[in-house]
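What follows is a short report on a single structure.
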Amino acid sequence: IYDRLYQILPSHPAAIFLLAGINDISHHLTPREVVNGIFRIVNKISYQCPDTKICLQSILPINEAFHQWKLLEGKTETIVEVNSILEKTANEQKIPFLNLFPLFTLPGSLVLRPELTIDGLHLTEKGYRIWVTILKKELYLH
C-alpha cells in the first residue's frame, strides 16, 4: 500500500478509510511490525495530504476451518493483538478507529462467521453489505 500511495495522494482525497495488515501477518511479521507498517502509511498520508481525514479500521477476523490460507493458520490471536495495538496507537494519535472485528465473528468467539466469507478470509456479498453499512454510518458522523 505504501508504495502505491503515489497513485491516490496527488488527488488529495477528502478521506481515506484504511484497513491493512492481514498480508503482513501471513508473512510472519510481529504485531508491532504490522502496526508500524500501517502507521508508516498513515504518516505519509498525513504529511502529503494534511487535510485528508484518515479512519483506521481493524483487521477483520478469519475462519481457519476453511483451510484455504495456510500462511494464516494459527494467526487468529495475532490479528487480535494487532487490532489491540492498532486501536491503542490510533487513540493516542487521535485518529478515528473502527473496530469491525466483533461485528463479523460468531458470538462468543474470534472466528469469522461462515456465512460472511467465501474462503475463510474474503467476504461474501452479505459481509460487504455489513461493512458498507458501518462505513456509511461513520461518514454521516463526520
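By order in the C-alpha cells, chains are A, B, ...; within a chain, residues start at 1; ligands start at 1, following the order shown.
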Next on the checklist: DSSP on the backbone: which residues in stretch 44-133 of chain A end up as strand (DSSP E or B)? Give the answer as a list in words.
Outcome noted: Lys53, Ile54, Cys55, Leu56, Gln57, Phe97, Leu98, Thr105, Leu112, Thr117 and Leu123 of chain A
Sorted per-residue table, stretch 61-88 of chain A near stretch 112-124 of chain A, closest atoms and distance, 10 Å, only C-alpha atoms, as a Markdown table:
```
| residue | atom | partner | partner_atom | distance |
| --- | --- | --- | --- | --- |
| A:Pro61 | CA | A:Leu112 | CA | 5.0 |
| A:Ile62 | CA | A:Leu112 | CA | 4.9 |
| A:Asn63 | CA | A:Gly120 | CA | 4.3 |
| A:Glu64 | CA | A:Gly120 | CA | 6.1 |
| A:Ala65 | CA | A:Gly120 | CA | 7.2 |
| A:Phe66 | CA | A:Gly120 | CA | 5.3 |
| A:His67 | CA | A:Gly120 | CA | 7.6 |
| A:Gln68 | CA | A:Asp119 | CA | 6.2 |
| A:Trp69 | CA | A:Gly120 | CA | 7.8 |
| A:Leu72 | CA | A:Leu121 | CA | 9.2 |
| A:Thr76 | CA | A:Leu112 | CA | 9.8 |
```
For the selection you just gave me, I'd like the residues written to a file as an mmCIF file, in the first residue's frame, keeping N, CA, C and O atoms.
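Result saved to again.cif:
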```cif
data_model
loop_
_atom_site.group_PDB
_atom_site.id
_atom_site.type_symbol
_atom_site.label_atom_id
_atom_site.label_comp_id
_atom_site.auth_asym_id
_atom_site.auth_seq_id
_atom_site.Cartn_x
_atom_site.Cartn_y
_atom_site.Cartn_z
ATOM 1 N N PRO A 61 -11.773 -10.589 11.176
ATOM 2 C CA PRO A 61 -11.444 -11.942 11.608
ATOM 3 C C PRO A 61 -11.285 -12.878 10.407
ATOM 4 O O PRO A 61 -11.688 -12.548 9.294
ATOM 5 N N ILE A 62 -10.712 -14.040 10.671
ATOM 6 C CA ILE A 62 -10.609 -15.092 9.661
ATOM 7 C C ILE A 62 -11.318 -16.330 10.191
ATOM 8 O O ILE A 62 -11.655 -16.397 11.376
ATOM 9 N N ASN A 63 -11.533 -17.279 9.304
ATOM 10 C CA ASN A 63 -12.114 -18.550 9.711
ATOM 11 C C ASN A 63 -11.183 -19.651 9.212
ATOM 12 O O ASN A 63 -11.195 -19.991 8.030
ATOM 13 N N GLU A 64 -10.377 -20.150 10.125
ATOM 14 C CA GLU A 64 -9.355 -21.134 9.760
ATOM 15 C C GLU A 64 -9.933 -22.485 9.355
ATOM 16 O O GLU A 64 -9.255 -23.277 8.695
ATOM 17 N N ALA A 65 -11.200 -22.747 9.686
ATOM 18 C CA ALA A 65 -11.820 -24.028 9.361
ATOM 19 C C ALA A 65 -11.924 -24.258 7.851
ATOM 20 O O ALA A 65 -12.086 -25.391 7.409
ATOM 21 N N PHE A 66 -11.827 -23.198 7.060
ATOM 22 C CA PHE A 66 -11.884 -23.342 5.604
ATOM 23 C C PHE A 66 -10.593 -23.952 5.043
ATOM 24 O O PHE A 66 -10.589 -24.475 3.941
ATOM 25 N N HIS A 67 -9.507 -23.852 5.775
ATOM 26 C CA HIS A 67 -8.200 -24.396 5.380
ATOM 27 C C HIS A 67 -7.766 -23.940 3.982
ATOM 28 O O HIS A 67 -7.178 -24.707 3.227
ATOM 29 N N GLN A 68 -8.039 -22.682 3.655
ATOM 30 C CA GLN A 68 -7.678 -22.142 2.350
ATOM 31 C C GLN A 68 -6.394 -21.331 2.384
ATOM 32 O O GLN A 68 -5.768 -21.124 1.357
ATOM 33 N N TRP A 69 -6.034 -20.841 3.549
ATOM 34 C CA TRP A 69 -4.915 -19.900 3.663
ATOM 35 C C TRP A 69 -3.918 -20.441 4.680
ATOM 36 O O TRP A 69 -3.943 -20.096 5.855
ATOM 37 N N LEU A 72 -2.059 -18.275 7.113
ATOM 38 C CA LEU A 72 -2.816 -17.614 8.173
ATOM 39 C C LEU A 72 -3.270 -18.588 9.267
ATOM 40 O O LEU A 72 -3.860 -18.162 10.253
ATOM 41 N N THR A 76 -5.080 -16.267 14.281
ATOM 42 C CA THR A 76 -6.231 -15.533 14.818
ATOM 43 C C THR A 76 -5.833 -14.648 15.992
ATOM 44 O O THR A 76 -6.215 -13.475 16.060
#
```
Checklist entry - Can you list, as a ChimeraX atom specification, every protein, DNA or RNA residue that comes within 12 Å of A:Phe97 when you count only C-alpha atoms, leaving out same-chain residues fewer than 6 positions away? => result /A:16-19,53-59,83-91,135,138
Create the file for the chosen residues now, containing C-alpha atoms and written as a PDB file, in the first residue's frame.
```pdb
ATOM      1  CA  ILE A  16      -9.192   7.528   3.453  1.00  0.00           C
ATOM      2  CA  PHE A  17     -10.570   4.500   5.274  1.00  0.00           C
ATOM      3  CA  LEU A  18      -7.580   2.252   5.788  1.00  0.00           C
ATOM      4  CA  LEU A  19      -7.775  -1.465   6.515  1.00  0.00           C
ATOM      5  CA  LYS A  53      -9.283  12.616   7.081  1.00  0.00           C
ATOM      6  CA  ILE A  54      -7.941   9.197   7.964  1.00  0.00           C
ATOM      7  CA  CYS A  55     -10.003   6.480   9.592  1.00  0.00           C
ATOM      8  CA  LEU A  56      -8.281   3.255  10.590  1.00  0.00           C
ATOM      9  CA  GLN A  57     -10.195   0.004  10.567  1.00  0.00           C
ATOM     10  CA  SER A  58      -9.421  -3.143  12.487  1.00  0.00           C
ATOM     11  CA  ILE A  59      -8.317  -6.210  10.614  1.00  0.00           C
ATOM     12  CA  ASN A  83      -6.032  -4.809  16.431  1.00  0.00           C
ATOM     13  CA  SER A  84      -5.433  -4.054  20.101  1.00  0.00           C
ATOM     14  CA  ILE A  85      -2.135  -2.250  19.433  1.00  0.00           C
ATOM     15  CA  LEU A  86      -3.625  -0.512  16.405  1.00  0.00           C
ATOM     16  CA  GLU A  87      -6.582   0.808  18.397  1.00  0.00           C
ATOM     17  CA  LYS A  88      -4.375   1.971  21.273  1.00  0.00           C
ATOM     18  CA  THR A  89      -1.976   3.760  18.909  1.00  0.00           C
ATOM     19  CA  ALA A  90      -4.826   5.313  16.919  1.00  0.00           C
ATOM     20  CA  ASN A  91      -6.392   6.631  20.125  1.00  0.00           C
ATOM     21  CA  LEU A 135     -18.735   2.882   6.753  1.00  0.00           C
ATOM     22  CA  GLU A 138     -19.118   6.653  10.027  1.00  0.00           C
TER      23      GLU A 138
END
```
Item to check | One-decimal distance in Å that lies between atom CA of A:Arg4 and atom CA of A:Ile25 | outcome: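 Atom CA of A:Arg4 lies 19.5 Å from atom CA of A:Ile25.
With atom CA of A:Glu73 on one side and atom CA of A:Ile22 on the other, the separation reads 12.0 Å.
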Next on the checklist: DSSP on the backbone: which residues in chain A end up as helix (DSSP H, G or I)? Give the answer as JSON, numbers by chain.
Outcome noted: {"A": [2, 3, 4, 5, 6, 7, 9, 10, 11, 22, 23, 24, 25, 26, 31, 32, 33, 34, 35, 36, 37, 38, 39, 40, 41, 42, 43, 44, 45, 46, 47, 48, 64, 65, 66, 70, 71, 72, 76, 77, 78, 79, 80, 81, 82, 83, 84, 85, 86, 87, 88, 89, 90, 91, 92, 101, 102, 103, 104, 114, 115, 116, 125, 126, 127, 128, 129, 130, 131, 132, 133, 134, 135, 136, 137, 138, 139, 140, 141]}
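Here atom CA of A:Pro13 is placed at a distance of 7.9 Å from atom CA of A:Cys49.
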I want to know what sits within 12 Å of A:Ile45, based on only C-alpha atoms, with residues of the same chain fewer than 2 positions away left out; could you give that as a PDB file with C-alpha atoms, in the first residue's frame?
```
ATOM      1  CA  ILE A   1       0.000   0.000   0.000  1.00  0.00           C
ATOM      2  CA  TYR A   2       2.775   2.389   0.964  1.00  0.00           C
ATOM      3  CA  ASP A   3       4.491   2.006  -2.391  1.00  0.00           C
ATOM      4  CA  ARG A   4       1.253   2.718  -4.250  1.00  0.00           C
ATOM      5  CA  LEU A   5       0.162   5.850  -2.385  1.00  0.00           C
ATOM      6  CA  TYR A   6       1.561   7.914  -5.258  1.00  0.00           C
ATOM      7  CA  GLN A   7      -1.478   6.762  -7.225  1.00  0.00           C
ATOM      8  CA  ILE A   8      -4.015   8.401  -4.927  1.00  0.00           C
ATOM      9  CA  LEU A   9      -2.364  11.133  -2.869  1.00  0.00           C
ATOM     10  CA  PRO A  10      -1.958  13.646  -5.735  1.00  0.00           C
ATOM     11  CA  SER A  11      -5.764  13.864  -5.884  1.00  0.00           C
ATOM     12  CA  HIS A  12      -5.873  14.925  -2.191  1.00  0.00           C
ATOM     13  CA  PRO A  13      -8.794  12.681  -1.180  1.00  0.00           C
ATOM     14  CA  ALA A  14     -11.219  14.072   1.382  1.00  0.00           C
ATOM     15  CA  ALA A  15     -10.986  10.856   3.408  1.00  0.00           C
ATOM     16  CA  ILE A  16      -9.192   7.528   3.453  1.00  0.00           C
ATOM     17  CA  PHE A  17     -10.570   4.500   5.274  1.00  0.00           C
ATOM     18  CA  LEU A  18      -7.580   2.252   5.788  1.00  0.00           C
ATOM     19  CA  ILE A  38       0.262   0.743   8.980  1.00  0.00           C
ATOM     20  CA  PHE A  39       1.397   3.924  10.710  1.00  0.00           C
ATOM     21  CA  ARG A  40       4.105   4.386   8.108  1.00  0.00           C
ATOM     22  CA  ILE A  41       1.226   4.624   5.609  1.00  0.00           C
ATOM     23  CA  VAL A  42      -0.749   6.948   7.901  1.00  0.00           C
ATOM     24  CA  ASN A  43       2.243   9.243   8.368  1.00  0.00           C
ATOM     25  CA  TYR A  47       2.420  14.521   5.524  1.00  0.00           C
ATOM     26  CA  GLN A  48       1.422  14.723   1.865  1.00  0.00           C
ATOM     27  CA  CYS A  49      -2.292  15.381   2.415  1.00  0.00           C
ATOM     28  CA  PRO A  50      -2.720  17.110   5.767  1.00  0.00           C
ATOM     29  CA  ASP A  51      -6.395  17.869   5.072  1.00  0.00           C
ATOM     30  CA  THR A  52      -7.285  14.251   4.288  1.00  0.00           C
ATOM     31  CA  LYS A  53      -9.283  12.616   7.081  1.00  0.00           C
ATOM     32  CA  ILE A  54      -7.941   9.197   7.964  1.00  0.00           C
ATOM     33  CA  CYS A  55     -10.003   6.480   9.592  1.00  0.00           C
TER      34      CYS A  55
END
```
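When only C-alpha atoms are used to compute distances to A:His27, the closest of the residues A:Leu106, A:Ser46, A:Lys70, A:Leu60 turns out to be A:Lys70.
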Item to check | Neighbour list for A:Ile130 as a list of chain:residue names, cut-off 9 Å, only C-alpha atoms, skip fewer than 5 positions in-chain | outcome: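 Here the answer would be A:Leu103, A:Phe104, A:Glu125, A:Leu135.
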